[in-house]
Structures are given as C-alpha cells and as structure tokens.
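Enquirer: What follows is my_file.txt, made up of compact mmCIF, N, CA and C atoms:
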```txt
# COMPACT_ATOMS: atom_id res chain seq x y z
N MET G 1109 110.92 190.50 154.18
CA MET G 1109 111.59 189.59 155.11
C MET G 1109 112.12 190.41 156.29
N GLY G 1110 111.94 189.86 157.50
CA GLY G 1110 112.40 190.53 158.70
C GLY G 1110 113.86 190.26 158.98
N ALA G 1111 114.25 190.45 160.22
CA ALA G 1111 115.62 190.20 160.64
C ALA G 1111 115.94 188.72 160.53
N THR G 1112 117.18 188.42 160.22
CA THR G 1112 117.62 187.03 160.07
C THR G 1112 118.85 186.78 160.93
N ALA G 1113 119.16 185.50 161.12
CA ALA G 1113 120.37 185.09 161.83
C ALA G 1113 120.91 183.85 161.14
N GLN G 1114 122.21 183.67 161.21
CA GLN G 1114 122.83 182.45 160.72
C GLN G 1114 123.06 181.56 161.93
N VAL G 1115 122.54 180.33 161.84
CA VAL G 1115 122.61 179.40 162.97
C VAL G 1115 123.31 178.13 162.51
N PRO G 1116 124.39 177.71 163.19
CA PRO G 1116 125.10 176.49 162.82
C PRO G 1116 124.27 175.24 163.15
N LEU G 1117 124.50 174.19 162.36
CA LEU G 1117 123.89 172.88 162.59
C LEU G 1117 124.93 171.97 163.23
N VAL G 1118 124.53 171.26 164.29
CA VAL G 1118 125.45 170.40 165.03
C VAL G 1118 124.90 168.99 165.04
N GLY G 1119 125.70 168.03 164.55
CA GLY G 1119 125.30 166.64 164.51
C GLY G 1119 124.54 166.30 163.24
N GLY G 1120 124.23 165.02 163.08
CA GLY G 1120 123.48 164.57 161.92
C GLY G 1120 124.22 164.76 160.61
N VAL G 1121 123.50 164.60 159.51
CA VAL G 1121 124.13 164.68 158.18
C VAL G 1121 124.56 166.09 157.82
N ALA G 1122 123.99 167.10 158.43
CA ALA G 1122 124.30 168.49 158.09
C ALA G 1122 125.31 169.11 159.05
N ASP G 1123 125.96 168.29 159.88
CA ASP G 1123 126.91 168.79 160.87
C ASP G 1123 127.92 169.73 160.22
N GLY G 1124 128.10 170.90 160.82
CA GLY G 1124 129.04 171.88 160.31
C GLY G 1124 128.42 172.87 159.34
N GLY G 1125 127.20 172.62 158.91
CA GLY G 1125 126.51 173.54 158.03
C GLY G 1125 125.95 174.72 158.80
N VAL G 1126 125.49 175.70 158.07
CA VAL G 1126 124.89 176.90 158.66
C VAL G 1126 123.62 177.21 157.88
N VAL G 1127 122.54 177.55 158.58
CA VAL G 1127 121.30 177.96 157.92
C VAL G 1127 120.97 179.40 158.31
N THR G 1128 120.36 180.09 157.37
CA THR G 1128 119.88 181.45 157.63
C THR G 1128 118.39 181.35 157.91
N VAL G 1129 117.97 181.84 159.08
CA VAL G 1129 116.58 181.74 159.48
C VAL G 1129 116.04 183.11 159.82
N GLU G 1130 114.74 183.28 159.65
CA GLU G 1130 114.09 184.53 160.00
C GLU G 1130 113.77 184.52 161.50
N LEU G 1131 114.01 185.64 162.15
CA LEU G 1131 113.75 185.78 163.58
C LEU G 1131 112.30 186.19 163.80
N ASP G 1132 111.73 185.73 164.92
CA ASP G 1132 110.35 186.11 165.23
C ASP G 1132 110.30 187.51 165.84
N ALA G 1133 109.13 187.93 166.28
CA ALA G 1133 108.94 189.26 166.84
C ALA G 1133 109.77 189.49 168.10
N HIS G 1134 110.21 188.42 168.76
CA HIS G 1134 111.02 188.51 169.98
C HIS G 1134 112.51 188.37 169.70
N GLY G 1135 112.87 188.28 168.41
CA GLY G 1135 114.28 188.17 168.04
C GLY G 1135 114.85 186.79 168.15
N ARG G 1136 113.98 185.76 168.13
CA ARG G 1136 114.44 184.37 168.27
C ARG G 1136 114.21 183.59 166.97
N PRO G 1137 115.10 182.64 166.68
CA PRO G 1137 114.88 181.76 165.53
C PRO G 1137 113.77 180.75 165.82
N PRO G 1138 113.27 180.06 164.80
CA PRO G 1138 112.29 178.98 165.03
C PRO G 1138 112.87 177.91 165.97
N LEU G 1139 112.01 177.25 166.72
CA LEU G 1139 112.46 176.24 167.69
C LEU G 1139 113.02 174.99 167.03
N VAL G 1140 112.58 174.68 165.83
CA VAL G 1140 113.09 173.50 165.12
C VAL G 1140 113.44 173.89 163.69
N HIS G 1141 114.37 173.13 163.12
CA HIS G 1141 114.74 173.29 161.71
C HIS G 1141 114.74 171.91 161.06
N PRO G 1142 113.83 171.66 160.10
CA PRO G 1142 113.85 170.39 159.39
C PRO G 1142 114.86 170.47 158.25
N HIS G 1143 115.91 169.68 158.31
CA HIS G 1143 116.92 169.66 157.24
C HIS G 1143 116.47 168.66 156.19
N LEU G 1144 116.11 169.18 155.03
CA LEU G 1144 115.56 168.32 153.97
C LEU G 1144 116.68 167.67 153.17
N GLY G 1145 116.50 166.39 152.92
CA GLY G 1145 117.42 165.65 152.07
C GLY G 1145 116.68 165.15 150.85
N GLU G 1146 117.19 164.09 150.25
CA GLU G 1146 116.58 163.54 149.04
C GLU G 1146 115.17 163.02 149.28
N GLY G 1147 114.87 162.57 150.48
CA GLY G 1147 113.57 161.99 150.78
C GLY G 1147 112.49 163.01 151.09
N GLY G 1148 112.81 164.30 151.04
CA GLY G 1148 111.83 165.34 151.33
C GLY G 1148 111.51 165.42 152.81
N LEU G 1149 110.39 166.05 153.11
CA LEU G 1149 110.01 166.30 154.50
C LEU G 1149 109.79 165.01 155.29
N ALA G 1150 109.31 163.97 154.63
CA ALA G 1150 109.06 162.70 155.32
C ALA G 1150 110.33 162.11 155.92
N HIS G 1151 111.49 162.43 155.33
CA HIS G 1151 112.76 161.88 155.81
C HIS G 1151 113.70 162.98 156.30
N ALA G 1152 113.14 164.13 156.64
CA ALA G 1152 113.96 165.25 157.10
C ALA G 1152 114.62 164.93 158.43
N GLN G 1153 115.82 165.43 158.60
CA GLN G 1153 116.49 165.33 159.90
C GLN G 1153 116.09 166.57 160.69
N MET G 1154 115.62 166.35 161.91
CA MET G 1154 115.13 167.47 162.72
C MET G 1154 116.24 167.98 163.65
N TYR G 1155 116.36 169.28 163.68
CA TYR G 1155 117.32 169.96 164.54
C TYR G 1155 116.54 170.87 165.49
N GLU G 1156 116.94 170.89 166.76
CA GLU G 1156 116.27 171.71 167.77
C GLU G 1156 117.18 172.86 168.19
N LEU G 1157 116.57 174.02 168.40
CA LEU G 1157 117.30 175.21 168.79
C LEU G 1157 117.85 175.08 170.21
N GLU G 1158 119.09 175.48 170.39
CA GLU G 1158 119.71 175.55 171.72
C GLU G 1158 120.43 176.87 171.83
N SER G 1159 120.39 177.46 173.01
CA SER G 1159 121.19 178.65 173.28
C SER G 1159 122.54 178.21 173.77
N VAL G 1160 123.58 178.83 173.27
CA VAL G 1160 124.92 178.51 173.74
C VAL G 1160 125.13 179.12 175.11
N ARG G 1161 124.56 180.32 175.31
CA ARG G 1161 124.66 181.01 176.61
C ARG G 1161 123.27 181.46 177.03
N ASP G 1162 122.84 181.09 178.20
CA ASP G 1162 121.56 181.52 178.77
C ASP G 1162 120.41 181.33 177.79
N ASP G 1163 119.70 182.43 177.46
CA ASP G 1163 118.50 182.32 176.64
C ASP G 1163 118.61 183.06 175.32
N GLY G 1164 119.80 183.54 174.98
CA GLY G 1164 119.91 184.33 173.76
C GLY G 1164 121.04 183.88 172.87
N PRO G 1165 121.35 184.73 171.90
CA PRO G 1165 122.42 184.35 170.98
C PRO G 1165 123.74 184.19 171.71
N PRO G 1166 124.65 183.44 171.20
CA PRO G 1166 124.51 182.66 169.96
C PRO G 1166 123.69 181.40 170.17
N TRP G 1167 123.09 180.96 169.08
CA TRP G 1167 122.29 179.75 169.07
C TRP G 1167 122.94 178.71 168.17
N VAL G 1168 122.55 177.45 168.38
CA VAL G 1168 122.87 176.37 167.45
C VAL G 1168 121.62 175.52 167.29
N TYR G 1169 121.53 174.83 166.17
CA TYR G 1169 120.52 173.80 165.98
C TYR G 1169 121.22 172.46 166.17
N ARG G 1170 120.78 171.70 167.18
CA ARG G 1170 121.37 170.39 167.47
C ARG G 1170 120.46 169.29 166.92
N TRP G 1171 121.08 168.33 166.26
CA TRP G 1171 120.35 167.22 165.65
C TRP G 1171 119.63 166.43 166.73
N ARG G 1172 118.37 166.12 166.46
CA ARG G 1172 117.57 165.27 167.36
C ARG G 1172 117.53 163.90 166.69
N GLY G 1173 118.40 163.04 167.14
CA GLY G 1173 118.50 161.71 166.55
C GLY G 1173 117.35 160.82 166.96
N PRO G 1174 117.34 159.61 166.42
CA PRO G 1174 116.26 158.68 166.75
C PRO G 1174 116.25 158.34 168.24
N ALA G 1175 115.08 158.14 168.77
CA ALA G 1175 114.96 157.74 170.18
C ALA G 1175 115.56 156.36 170.37
N THR G 1176 116.26 156.20 171.49
CA THR G 1176 116.87 154.89 171.76
C THR G 1176 116.16 154.19 172.88
```
So, in terms of structure tokens, how does the structure I just supplied come out?
Expert:
Amino acid sequence: MGATAQVPLVGGVADGGVVTVELDAHGRPPLVHPHLGEGGLAHAQMYELESVRDDGPPWVYRWRGPAT
C-alpha cells in the first residue's frame, strides 16, 4: 500500500466521518468516494473530492446529493 491520507466526509449520511484513502502517483486522493450503506454499491452515497485551499491538501469529500 502506498501513501494514504485521512479525508473528512461532509454532508449526507456520513457527515462528520473520516475515510482513509490511498493517494495516487501525484499525491492526490481519488476524485470520488462511494460511501456504502446497507444497500451496497447500488445505493451508495457519492462524495466528491474538494480542496479546501487551492489544489492541494487539506481535502474533503463533499456529498453529491440528488439532482434537483
């Protein structure tokens, strides 16, 4: 396993949680994080990566709610 980072989850059912993700070759987390619940991947809540400052750490995963 390569380098990892802990990224907070913002919004949705996992609000306030933190996930540990593996960083890519450029030192960035995956662009999306599927938060799995009882319904499995078909009902996963999707979180998208956001930089808190510019283009680097710290990062958060923000919940991508249903389209309105």
Enquirer: Name all residues at most 6.5 Å from range 1132-1139 of chain G (count only N, CA and C atoms; drop same-chain ones fewer than 2 positions away) and give them as a PDB file with N, CA and C atoms, in the frame of the given file.
Expert:
```pdb
ATOM      1  N   VAL G1129     117.970 181.840 159.080  1.00  0.00           N
ATOM      2  CA  VAL G1129     116.580 181.740 159.480  1.00  0.00           C
ATOM      3  C   VAL G1129     116.040 183.110 159.820  1.00  0.00           C
ATOM      4  N   GLU G1130     114.740 183.280 159.650  1.00  0.00           N
ATOM      5  CA  GLU G1130     114.090 184.530 160.000  1.00  0.00           C
ATOM      6  C   GLU G1130     113.770 184.520 161.500  1.00  0.00           C
ATOM      7  N   HIS G1141     114.370 173.130 163.120  1.00  0.00           N
ATOM      8  CA  HIS G1141     114.740 173.290 161.710  1.00  0.00           C
ATOM      9  C   HIS G1141     114.740 171.910 161.060  1.00  0.00           C
ATOM     10  N   TYR G1155     116.360 169.280 163.680  1.00  0.00           N
ATOM     11  CA  TYR G1155     117.320 169.960 164.540  1.00  0.00           C
ATOM     12  C   TYR G1155     116.540 170.870 165.490  1.00  0.00           C
ATOM     13  N   GLU G1156     116.940 170.890 166.760  1.00  0.00           N
ATOM     14  CA  GLU G1156     116.270 171.710 167.770  1.00  0.00           C
ATOM     15  C   GLU G1156     117.180 172.860 168.190  1.00  0.00           C
ATOM     16  N   LEU G1157     116.570 174.020 168.400  1.00  0.00           N
ATOM     17  CA  LEU G1157     117.300 175.210 168.790  1.00  0.00           C
ATOM     18  C   LEU G1157     117.850 175.080 170.210  1.00  0.00           C
TER      19      LEU G1157
END
```
Enquirer: Would you compute the distance between CA of Gly1120 in chain G and CA of Pro1166 in chain G? Give it in Å to one decimal.
Expert: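 These atoms are spaced 19.8 Å apart.
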Enquirer: How many Å lie between CA of Ser1159 in chain G and CA of Ala1111 in chain G, rounded to one decimal?
Expert: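 Distance reported for this atom pair: 18.0 Å.
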Enquirer: Based on DSSP run over this structure's backbone, return all residues of chain G in strand (DSSP E or B), as a ChimeraX atom specification.
Expert: /G:1112-1118,1126-1130,1140-1145,1148-1161,1164-1171
Enquirer: Select, from G:Ala1152, G:Leu1144, G:Leu1131, G:Val1168, the residue with the minimum atom-to-atom distance to Gly1110 in chain G, counting all atoms listed in the file.
Expert: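 Ranking G:Ala1152, G:Leu1144, G:Leu1131, G:Val1168 by distance to Gly1110 in chain G, first place goes to G:Leu1131.
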Enquirer: Could you work out how far CA of Pro1165 in chain G lies from CA of Val1127 in chain G, giving the answer in Å with one decimal?
Expert: 14.6 Å
Enquirer: Excluding same-chain residues fewer than 2 positions from Gly1119 in chain G, what lies within 8 Å of it counting all atoms listed in the file, as a compact mmCIF listing (two decimals) with N, CA and C atoms, in the frame of the given file?
Expert:
```
# COMPACT_ATOMS: atom_id res chain seq x y z
N PRO G 1116 124.39 177.71 163.19
CA PRO G 1116 125.10 176.49 162.82
C PRO G 1116 124.27 175.24 163.15
N LEU G 1117 124.50 174.19 162.36
CA LEU G 1117 123.89 172.88 162.59
C LEU G 1117 124.93 171.97 163.23
N VAL G 1121 123.50 164.60 159.51
CA VAL G 1121 124.13 164.68 158.18
C VAL G 1121 124.56 166.09 157.82
N ALA G 1122 123.99 167.10 158.43
CA ALA G 1122 124.30 168.49 158.09
C ALA G 1122 125.31 169.11 159.05
N ASP G 1123 125.96 168.29 159.88
CA ASP G 1123 126.91 168.79 160.87
C ASP G 1123 127.92 169.73 160.22
N GLY G 1124 128.10 170.90 160.82
CA GLY G 1124 129.04 171.88 160.31
C GLY G 1124 128.42 172.87 159.34
N GLY G 1125 127.20 172.62 158.91
CA GLY G 1125 126.51 173.54 158.03
C GLY G 1125 125.95 174.72 158.80
N TYR G 1169 121.53 174.83 166.17
CA TYR G 1169 120.52 173.80 165.98
C TYR G 1169 121.22 172.46 166.17
N ARG G 1170 120.78 171.70 167.18
CA ARG G 1170 121.37 170.39 167.47
C ARG G 1170 120.46 169.29 166.92
N TRP G 1171 121.08 168.33 166.26
CA TRP G 1171 120.35 167.22 165.65
C TRP G 1171 119.63 166.43 166.73
N ARG G 1172 118.37 166.12 166.46
CA ARG G 1172 117.57 165.27 167.36
C ARG G 1172 117.53 163.90 166.69
N GLY G 1173 118.40 163.04 167.14
CA GLY G 1173 118.50 161.71 166.55
C GLY G 1173 117.35 160.82 166.96
```
Enquirer: Pick out the closest residue to Gln1114 in chain G from this set: G:Val1126, G:Pro1142, G:Val1160, G:His1151. Count only N, CA and C atoms.
Expert: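 Counting only N, CA and C atoms, the residue closest to Gln1114 in chain G is G:Val1126.
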Enquirer: So, with only C-alpha atoms as the atoms that count, which of G:Gly1164, G:Ala1113, G:Met1154, G:His1143 lies closest to Thr1128 in chain G?
Expert: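 Of G:Gly1164, G:Ala1113, G:Met1154, G:His1143, the one nearest Thr1128 in chain G is G:Ala1113, counting only C-alpha atoms.
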